[in-house]
>>> print(open('query.pdb').read())   # PDB, C-alpha atoms
ATOM      1  CA  MET A   1       0.000   0.000   0.000  1.00  0.00           C
ATOM      2  CA  GLU A   2       1.358   3.414  -0.958  1.00  0.00           C
ATOM      3  CA  SER A   3       1.773   5.996   1.754  1.00  0.00           C
ATOM      4  CA  ILE A   4      -0.229   9.210   1.641  1.00  0.00           C
ATOM      5  CA  SER A   5       2.950  11.283   1.270  1.00  0.00           C
ATOM      6  CA  THR A   6       3.932   9.295  -1.857  1.00  0.00           C
ATOM      7  CA  GLN A   7       0.470   9.849  -3.342  1.00  0.00           C
ATOM      8  CA  MET A   8       0.666  13.566  -2.537  1.00  0.00           C
ATOM      9  CA  TYR A   9       4.122  13.800  -4.105  1.00  0.00           C
ATOM     10  CA  GLU A  10       2.938  12.126  -7.315  1.00  0.00           C
ATOM     11  CA  GLY A  11      -0.142  14.365  -7.386  1.00  0.00           C
ATOM     12  CA  MET A  12       2.024  17.466  -6.962  1.00  0.00           C
ATOM     13  CA  GLN A  13       4.391  16.236  -9.658  1.00  0.00           C
ATOM     14  CA  HIS A  14       1.507  15.871 -12.132  1.00  0.00           C
ATOM     15  CA  MET A  15       0.123  19.271 -11.121  1.00  0.00           C
ATOM     16  CA  SER A  16       3.576  20.855 -11.522  1.00  0.00           C
ATOM     17  CA  GLU A  17       3.875  19.342 -14.995  1.00  0.00           C
ATOM     18  CA  ALA A  18       0.439  20.716 -15.895  1.00  0.00           C
ATOM     19  CA  VAL A  19       1.318  24.185 -14.569  1.00  0.00           C
ATOM     20  CA  PHE A  20       4.638  24.113 -16.445  1.00  0.00           C
ATOM     21  CA  PHE A  21       2.872  23.069 -19.658  1.00  0.00           C
ATOM     22  CA  GLY A  22       0.287  25.838 -19.207  1.00  0.00           C
ATOM     23  CA  MET A  23       2.942  28.471 -18.512  1.00  0.00           C
ATOM     24  CA  SER A  24       5.002  27.273 -21.476  1.00  0.00           C
ATOM     25  CA  TRP A  25       1.959  27.699 -23.694  1.00  0.00           C
ATOM     26  CA  ILE A  26       1.422  31.272 -22.398  1.00  0.00           C
ATOM     27  CA  VAL A  27       4.991  32.607 -22.048  1.00  0.00           C
ATOM     28  CA  GLY A  28       7.070  30.116 -24.016  1.00  0.00           C
ATOM     29  CA  THR A  29       9.272  27.166 -23.260  1.00  0.00           C
ATOM     30  CA  SER A  30      12.454  27.365 -21.195  1.00  0.00           C
ATOM     31  CA  TYR A  31      14.398  27.330 -24.464  1.00  0.00           C
ATOM     32  CA  GLN A  32      12.389  30.253 -25.862  1.00  0.00           C
ATOM     33  CA  LEU A  33      12.898  32.256 -22.670  1.00  0.00           C
ATOM     34  CA  ALA A  34      16.646  31.582 -22.787  1.00  0.00           C
ATOM     35  CA  MET A  35      16.730  32.736 -26.428  1.00  0.00           C
ATOM     36  CA  ARG A  36      14.926  35.976 -25.519  1.00  0.00           C
ATOM     37  CA  ARG A  37      17.359  36.667 -22.682  1.00  0.00           C
ATOM     38  CA  GLY A  38      20.323  35.859 -24.908  1.00  0.00           C
ATOM     39  CA  THR A  39      19.094  38.205 -27.630  1.00  0.00           C
ATOM     40  CA  VAL A  40      18.834  41.130 -25.210  1.00  0.00           C
ATOM     41  CA  ASP A  41      22.217  40.260 -23.649  1.00  0.00           C
ATOM     42  CA  ILE A  42      23.874  40.314 -27.092  1.00  0.00           C
ATOM     43  CA  TRP A  43      22.161  43.600 -27.982  1.00  0.00           C
ATOM     44  CA  GLU A  44      23.440  45.178 -24.749  1.00  0.00           C
ATOM     45  CA  MET A  45      27.000  43.885 -25.283  1.00  0.00           C
ATOM     46  CA  VAL A  46      27.059  45.259 -28.838  1.00  0.00           C
ATOM     47  CA  LYS A  47      25.668  48.586 -27.619  1.00  0.00           C
ATOM     48  CA  ARG A  48      28.308  48.790 -24.876  1.00  0.00           C
ATOM     49  CA  GLY A  49      31.074  47.861 -27.330  1.00  0.00           C
ATOM     50  CA  ILE A  50      30.036  50.605 -29.734  1.00  0.00           C
ATOM     51  CA  SER A  51      29.700  53.275 -27.054  1.00  0.00           C
ATOM     52  CA  GLN A  52      32.506  52.499 -24.607  1.00  0.00           C
ATOM     53  CA  ASN A  53      33.129  56.180 -23.897  1.00  0.00           C
ATOM     54  CA  ASP A  54      29.605  56.852 -22.664  1.00  0.00           C
ATOM     55  CA  TRP A  55      29.391  58.273 -19.151  1.00  0.00           C
ATOM     56  CA  ALA A  56      26.741  55.729 -18.176  1.00  0.00           C
ATOM     57  CA  VAL A  57      25.618  52.150 -18.702  1.00  0.00           C
ATOM     58  CA  LEU A  58      21.996  51.598 -19.738  1.00  0.00           C
ATOM     59  CA  MET A  59      20.407  48.202 -19.160  1.00  0.00           C
ATOM     60  CA  MET A  60      16.885  46.925 -19.727  1.00  0.00           C
ATOM     61  CA  GLY A  61      15.212  44.921 -16.977  1.00  0.00           C
ATOM     62  CA  GLY A  62      11.938  43.308 -16.016  1.00  0.00           C
ATOM     63  CA  SER A  63       9.458  41.383 -18.136  1.00  0.00           C
ATOM     64  CA  TYR A  64      10.267  43.324 -21.313  1.00  0.00           C
ATOM     65  CA  ARG A  65      13.886  42.158 -21.084  1.00  0.00           C
ATOM     66  CA  GLU A  66      12.577  38.611 -20.812  1.00  0.00           C
ATOM     67  CA  GLY A  67      10.825  39.043 -24.160  1.00  0.00           C
ATOM     68  CA  PHE A  68       7.268  39.606 -22.950  1.00  0.00           C
ATOM     69  CA  ARG A  69       5.345  42.287 -24.834  1.00  0.00           C
ATOM     70  CA  TRP A  70       2.070  42.356 -22.930  1.00  0.00           C
ATOM     71  CA  ILE A  71      -0.402  45.192 -23.377  1.00  0.00           C
ATOM     72  CA  GLY A  72       0.050  47.616 -20.492  1.00  0.00           C
ATOM     73  CA  SER A  73       3.408  46.161 -19.459  1.00  0.00           C
ATOM     74  CA  ASP A  74       6.027  48.709 -18.514  1.00  0.00           C
ATOM     75  CA  ILE A  75       9.688  48.747 -19.525  1.00  0.00           C
ATOM     76  CA  ASP A  76      12.244  48.844 -16.715  1.00  0.00           C
ATOM     77  CA  TRP A  77      15.527  50.635 -17.403  1.00  0.00           C
ATOM     78  CA  MET A  78      18.577  50.780 -15.173  1.00  0.00           C
ATOM     79  CA  LEU A  79      21.158  53.512 -15.627  1.00  0.00           C
ATOM     80  CA  TRP A  80      24.379  53.848 -13.686  1.00  0.00           C
ATOM     81  CA  PRO A  81      27.685  55.708 -14.103  1.00  0.00           C
ATOM     82  CA  ASN A  82      30.270  53.887 -16.204  1.00  0.00           C
ATOM     83  CA  ASN A  83      32.812  53.802 -13.363  1.00  0.00           C
ATOM     84  CA  HIS A  84      30.348  52.019 -11.031  1.00  0.00           C
ATOM     85  CA  ARG A  85      30.194  48.225 -11.068  1.00  0.00           C
ATOM     86  CA  VAL A  86      27.402  46.119  -9.632  1.00  0.00           C
ATOM     87  CA  ILE A  87      28.688  42.786  -8.325  1.00  0.00           C
ATOM     88  CA  MET A  88      26.720  39.815  -7.050  1.00  0.00           C
ATOM     89  CA  ASP A  89      29.302  38.493  -4.582  1.00  0.00           C
ATOM     90  CA  LYS A  90      31.966  40.258  -2.515  1.00  0.00           C
ATOM     91  CA  SER A  91      34.619  37.914  -3.895  1.00  0.00           C
ATOM     92  CA  GLN A  92      34.197  39.655  -7.286  1.00  0.00           C
ATOM     93  CA  SER A  93      35.648  42.855  -5.808  1.00  0.00           C
ATOM     94  CA  GLU A  94      39.202  41.576  -6.306  1.00  0.00           C
ATOM     95  CA  TYR A  95      38.815  42.033 -10.078  1.00  0.00           C
ATOM     96  CA  TYR A  96      38.360  45.810  -9.874  1.00  0.00           C
ATOM     97  CA  ASN A  97      40.655  48.717  -9.129  1.00  0.00           C
ATOM     98  CA  THR A  98      38.719  50.400  -6.330  1.00  0.00           C
ATOM     99  CA  ALA A  99      40.796  53.578  -6.681  1.00  0.00           C
ATOM    100  CA  ASN A 100      38.822  54.504  -9.796  1.00  0.00           C
ATOM    101  CA  THR A 101      35.810  52.169  -9.622  1.00  0.00           C
ATOM    102  CA  THR A 102      32.864  52.349  -7.242  1.00  0.00           C
ATOM    103  CA  LEU A 103      31.631  48.917  -6.202  1.00  0.00           C
ATOM    104  CA  ILE A 104      27.984  48.181  -5.462  1.00  0.00           C
ATOM    105  CA  LEU A 105      26.904  44.819  -4.069  1.00  0.00           C
ATOM    106  CA  SER A 106      23.526  43.492  -5.225  1.00  0.00           C
ATOM    107  CA  ASP A 107      22.075  41.673  -2.203  1.00  0.00           C
ATOM    108  CA  ILE A 108      18.866  39.683  -2.748  1.00  0.00           C
ATOM    109  CA  SER A 109      19.135  37.586   0.425  1.00  0.00           C
ATOM    110  CA  GLU A 110      16.596  39.655   2.389  1.00  0.00           C
ATOM    111  CA  CYS A 111      14.351  40.825  -0.443  1.00  0.00           C
ATOM    112  CA  PRO A 112      11.131  39.599  -2.031  1.00  0.00           C
ATOM    113  CA  PRO A 113      11.335  38.427  -5.669  1.00  0.00           C
ATOM    114  CA  GLY A 114      11.943  41.285  -8.086  1.00  0.00           C
ATOM    115  CA  PHE A 115      13.763  43.470  -5.554  1.00  0.00           C
ATOM    116  CA  THR A 116      17.368  43.886  -4.447  1.00  0.00           C
ATOM    117  CA  LEU A 117      19.356  45.863  -1.922  1.00  0.00           C
ATOM    118  CA  LEU A 118      22.229  47.837  -3.428  1.00  0.00           C
ATOM    119  CA  GLN A 119      25.016  48.131  -0.877  1.00  0.00           C
ATOM    120  CA  LEU A 120      27.661  50.766  -1.591  1.00  0.00           C
ATOM    121  CA  LEU A 121      30.955  48.991  -0.844  1.00  0.00           C
ATOM    122  CA  THR A 122      33.303  51.837  -1.834  1.00  0.00           C
ATOM    123  CA  PRO A 123      32.553  55.565  -1.765  1.00  0.00           C
ATOM    124  CA  SER A 124      31.391  57.068  -5.030  1.00  0.00           C
ATOM    125  CA  LYS A 125      33.047  60.073  -6.665  1.00  0.00           C
ATOM    126  CA  ARG A 126      29.532  61.184  -7.620  1.00  0.00           C
ATOM    127  CA  GLU A 127      27.993  63.205  -4.814  1.00  0.00           C
ATOM    128  CA  GLN A 128      24.486  62.278  -5.958  1.00  0.00           C
ATOM    129  CA  VAL A 129      25.167  58.587  -5.261  1.00  0.00           C
ATOM    130  CA  ASN A 130      26.627  59.288  -1.804  1.00  0.00           C
ATOM    131  CA  LEU A 131      23.685  61.560  -0.916  1.00  0.00           C
ATOM    132  CA  ALA A 132      21.221  58.841  -1.916  1.00  0.00           C
ATOM    133  CA  CYS A 133      22.566  56.390   0.656  1.00  0.00           C
ATOM    134  CA  VAL A 134      20.742  55.296   3.792  1.00  0.00           C
ATOM    135  CA  ARG A 135      22.409  53.577   6.723  1.00  0.00           C
ATOM    136  CA  MET A 136      21.082  50.158   7.803  1.00  0.00           C
ATOM    137  CA  ASN A 137      22.888  47.670  10.048  1.00  0.00           C
ATOM    138  CA  ASP A 138      26.138  49.687   9.778  1.00  0.00           C
ATOM    139  CA  ARG A 139      26.080  49.471   5.971  1.00  0.00           C
ATOM    140  CA  ASN A 140      25.361  52.050   3.261  1.00  0.00           C
ATOM    141  CA  TYR A 141      22.547  51.182   0.850  1.00  0.00           C
ATOM    142  CA  ILE A 142      21.474  53.207  -2.177  1.00  0.00           C
ATOM    143  CA  SER A 143      17.874  54.355  -1.831  1.00  0.00           C
ATOM    144  CA  SER A 144      15.922  54.389  -5.099  1.00  0.00           C
ATOM    145  CA  SER A 145      13.478  56.967  -3.720  1.00  0.00           C
ATOM    146  CA  LYS A 146      16.367  59.291  -2.789  1.00  0.00           C
ATOM    147  CA  ILE A 147      17.934  58.820  -6.223  1.00  0.00           C
ATOM    148  CA  ARG A 148      14.604  59.801  -7.798  1.00  0.00           C
ATOM    149  CA  GLN A 149      14.341  62.875  -5.553  1.00  0.00           C
ATOM    150  CA  LEU A 150      17.872  63.948  -6.434  1.00  0.00           C
ATOM    151  CA  SER A 151      17.779  63.268 -10.168  1.00  0.00           C
ATOM    152  CA  LEU A 152      14.241  63.921 -11.390  1.00  0.00           C
ATOM    153  CA  PRO A 153      12.757  67.418 -11.738  1.00  0.00           C
ATOM    154  CA  ARG A 154      10.382  68.380  -8.932  1.00  0.00           C
ATOM    155  CA  ASP A 155       7.521  68.794 -11.437  1.00  0.00           C
ATOM    156  CA  PHE A 156       7.901  65.130 -12.376  1.00  0.00           C
ATOM    157  CA  LEU A 157       7.608  63.966  -8.767  1.00  0.00           C
ATOM    158  CA  SER A 158       4.578  66.041  -7.743  1.00  0.00           C
ATOM    159  CA  PRO A 159       1.159  64.356  -7.854  1.00  0.00           C
ATOM    160  CA  LEU A 160      -1.239  65.400 -10.622  1.00  0.00           C
TER
END
>>> encode(input="query.pdb", output="structure tokens")
Amino acid sequence: MESISTQMYEGMQHMSEAVFFGMSWIVGTSYQLAMRRGTVDIWEMVKRGISQNDWAVLMMGGSYREGFRWIGSDIDWMLWPNNHRVIMDKSQSEYYNTANTTLILSDISECPPGFTLLQLLTPSKREQVNLACVRMNDRNYISSSKIRQLSLPRDFLSPL
């Protein structure tokens, strides 16, 4: 006689397969998603290679980057100074000359999906970045709301 946990596991496995099939039909297969990501990655590398002397790096994010073109979907853009590098692990810091490069650590360990904490590891030469920092647990984090306040015109931020 099968145990209840085995039956539940098999039921969940079949449900997971059905959900995966349904999602694949709506958004595409894993292969199609990987191709969309790869296409955008190549486009960004070519763009960066052509415009190496730009003062900033522009990168697309969110569902649009993943290849989804849904009605009403927004496009997320990230823009940061060219001499600032976002790293995913502190061990990556050894590859950069911190005398002329500002390092920012992307920390997703305490965030819900779709969000990240940006910890400023080395001081920035751009005053706007330093002014946008908030102190939490003896660490400096870049506040997106402060960046918006400092960089967008006041008219843009006021409610209609």
>>> resolve_selection(input="query.pdb", expression="the PyMOL selection byres ((chain A and resi 118) around 9)", output="ChimeraX atom specification")
/A:86,104-108,116-117,119-120,140-143
>>> residues_near_point(input="query.pdb", point="(36.2, 51.0, 2.7)", cutoff="12 Å", atoms="all atoms listed in the file", output="list in words")
Ser93, Thr98, Ala99, Thr102, Leu103, Ile104, Leu120, Leu121, Thr122, Pro123, Ser124, Arg139 and Asn140 of chain A
>>> write_last_selection(input="query.pdb", atoms="C-alpha atoms", output="PDB file, in the coordinates of the input")
ATOM      1  CA  SER A  93      35.648  42.855  -5.808  1.00  0.00           C
ATOM      2  CA  THR A  98      38.719  50.400  -6.330  1.00  0.00           C
ATOM      3  CA  ALA A  99      40.796  53.578  -6.681  1.00  0.00           C
ATOM      4  CA  THR A 102      32.864  52.349  -7.242  1.00  0.00           C
ATOM      5  CA  LEU A 103      31.631  48.917  -6.202  1.00  0.00           C
ATOM      6  CA  ILE A 104      27.984  48.181  -5.462  1.00  0.00           C
ATOM      7  CA  LEU A 120      27.661  50.766  -1.591  1.00  0.00           C
ATOM      8  CA  LEU A 121      30.955  48.991  -0.844  1.00  0.00           C
ATOM      9  CA  THR A 122      33.303  51.837  -1.834  1.00  0.00           C
ATOM     10  CA  PRO A 123      32.553  55.565  -1.765  1.00  0.00           C
ATOM     11  CA  SER A 124      31.391  57.068  -5.030  1.00  0.00           C
ATOM     12  CA  ARG A 139      26.080  49.471   5.971  1.00  0.00           C
ATOM     13  CA  ASN A 140      25.361  52.050   3.261  1.00  0.00           C
TER      14      ASN A 140
END
>>> atom_distance(input="query.pdb", atom1="CA of Asn97 in chain A", atom2="CA of Met45 in chain A")
21.7 Å
>>> atom_distance(input="query.pdb", atom1="CA of Tyr31 in chain A", atom2="CA of Met60 in chain A")
20.3 Å
>>> atom_distance(input="query.pdb", atom1="CA of Ile87 in chain A", atom2="CA of Leu152 in chain A")
25.8 Å
>>> resolve_selection(input="query.pdb", expression="the PyMOL selection byres ((chain A and resi 58) around 7)", output="PyMOL selection string")
chain A and resi 56-57+59-60+77-80
>>> resolve_selection(input="query.pdb", expression="the PyMOL selection byres ((chain A and resi 132) around 10)", output="PyMOL selection string")
chain A and resi 127-131+133-134+140-151
>>> build_atoms(input="query.pdb", residues="range 117-130 of chain A", atoms="N, CA, C and O atoms", output="mmCIF file, in the coordinates of the input")
data_model
loop_
_atom_site.group_PDB
_atom_site.id
_atom_site.type_symbol
_atom_site.label_atom_id
_atom_site.label_comp_id
_atom_site.auth_asym_id
_atom_site.auth_seq_id
_atom_site.Cartn_x
_atom_site.Cartn_y
_atom_site.Cartn_z
ATOM 1 N N LEU A 117 18.713 44.796 -2.677
ATOM 2 C CA LEU A 117 19.356 45.863 -1.922
ATOM 3 C C LEU A 117 20.672 46.169 -2.609
ATOM 4 O O LEU A 117 21.420 45.245 -2.970
ATOM 5 N N LEU A 118 20.978 47.436 -2.804
ATOM 6 C CA LEU A 118 22.229 47.837 -3.428
ATOM 7 C C LEU A 118 23.125 48.452 -2.362
ATOM 8 O O LEU A 118 22.910 49.579 -1.932
ATOM 9 N N GLN A 119 24.106 47.681 -1.929
ATOM 10 C CA GLN A 119 25.016 48.131 -0.877
ATOM 11 C C GLN A 119 26.229 48.798 -1.514
ATOM 12 O O GLN A 119 26.917 48.206 -2.347
ATOM 13 N N LEU A 120 26.508 50.033 -1.096
ATOM 14 C CA LEU A 120 27.661 50.766 -1.591
ATOM 15 C C LEU A 120 28.889 50.289 -0.825
ATOM 16 O O LEU A 120 29.022 50.544 0.371
ATOM 17 N N LEU A 121 29.775 49.553 -1.508
ATOM 18 C CA LEU A 121 30.955 48.991 -0.844
ATOM 19 C C LEU A 121 32.108 49.986 -0.780
ATOM 20 O O LEU A 121 32.882 49.979 0.180
ATOM 21 N N THR A 122 32.253 50.818 -1.817
ATOM 22 C CA THR A 122 33.303 51.837 -1.834
ATOM 23 C C THR A 122 32.646 53.183 -2.110
ATOM 24 O O THR A 122 31.652 53.245 -2.837
ATOM 25 N N PRO A 123 33.173 54.246 -1.545
ATOM 26 C CA PRO A 123 32.553 55.565 -1.765
ATOM 27 C C PRO A 123 32.559 55.936 -3.248
ATOM 28 O O PRO A 123 33.483 55.607 -3.981
ATOM 29 N N SER A 124 31.507 56.624 -3.645
ATOM 30 C CA SER A 124 31.391 57.068 -5.030
ATOM 31 C C SER A 124 32.004 58.453 -5.181
ATOM 32 O O SER A 124 31.983 59.258 -4.255
ATOM 33 N N LYS A 125 32.538 58.728 -6.371
ATOM 34 C CA LYS A 125 33.047 60.073 -6.665
ATOM 35 C C LYS A 125 31.891 60.987 -7.073
ATOM 36 O O LYS A 125 32.077 62.178 -7.199
ATOM 37 N N ARG A 126 30.719 60.394 -7.266
ATOM 38 C CA ARG A 126 29.532 61.184 -7.620
ATOM 39 C C ARG A 126 28.749 61.499 -6.341
ATOM 40 O O ARG A 126 28.246 60.603 -5.672
ATOM 41 N N GLU A 127 28.656 62.764 -6.043
ATOM 42 C CA GLU A 127 27.993 63.205 -4.814
ATOM 43 C C GLU A 127 26.545 62.727 -4.755
ATOM 44 O O GLU A 127 26.046 62.361 -3.687
ATOM 45 N N GLN A 128 25.891 62.703 -5.902
ATOM 46 C CA GLN A 128 24.486 62.278 -5.958
ATOM 47 C C GLN A 128 24.316 60.854 -5.423
ATOM 48 O O GLN A 128 23.357 60.561 -4.721
ATOM 49 N N VAL A 129 25.248 59.965 -5.735
ATOM 50 C CA VAL A 129 25.167 58.587 -5.261
ATOM 51 C C VAL A 129 25.373 58.542 -3.748
ATOM 52 O O VAL A 129 24.624 57.885 -3.023
ATOM 53 N N ASN A 130 26.365 59.265 -3.253
ATOM 54 C CA ASN A 130 26.627 59.288 -1.804
ATOM 55 C C ASN A 130 25.453 59.884 -1.027
ATOM 56 O O ASN A 130 25.107 59.407 0.054
#
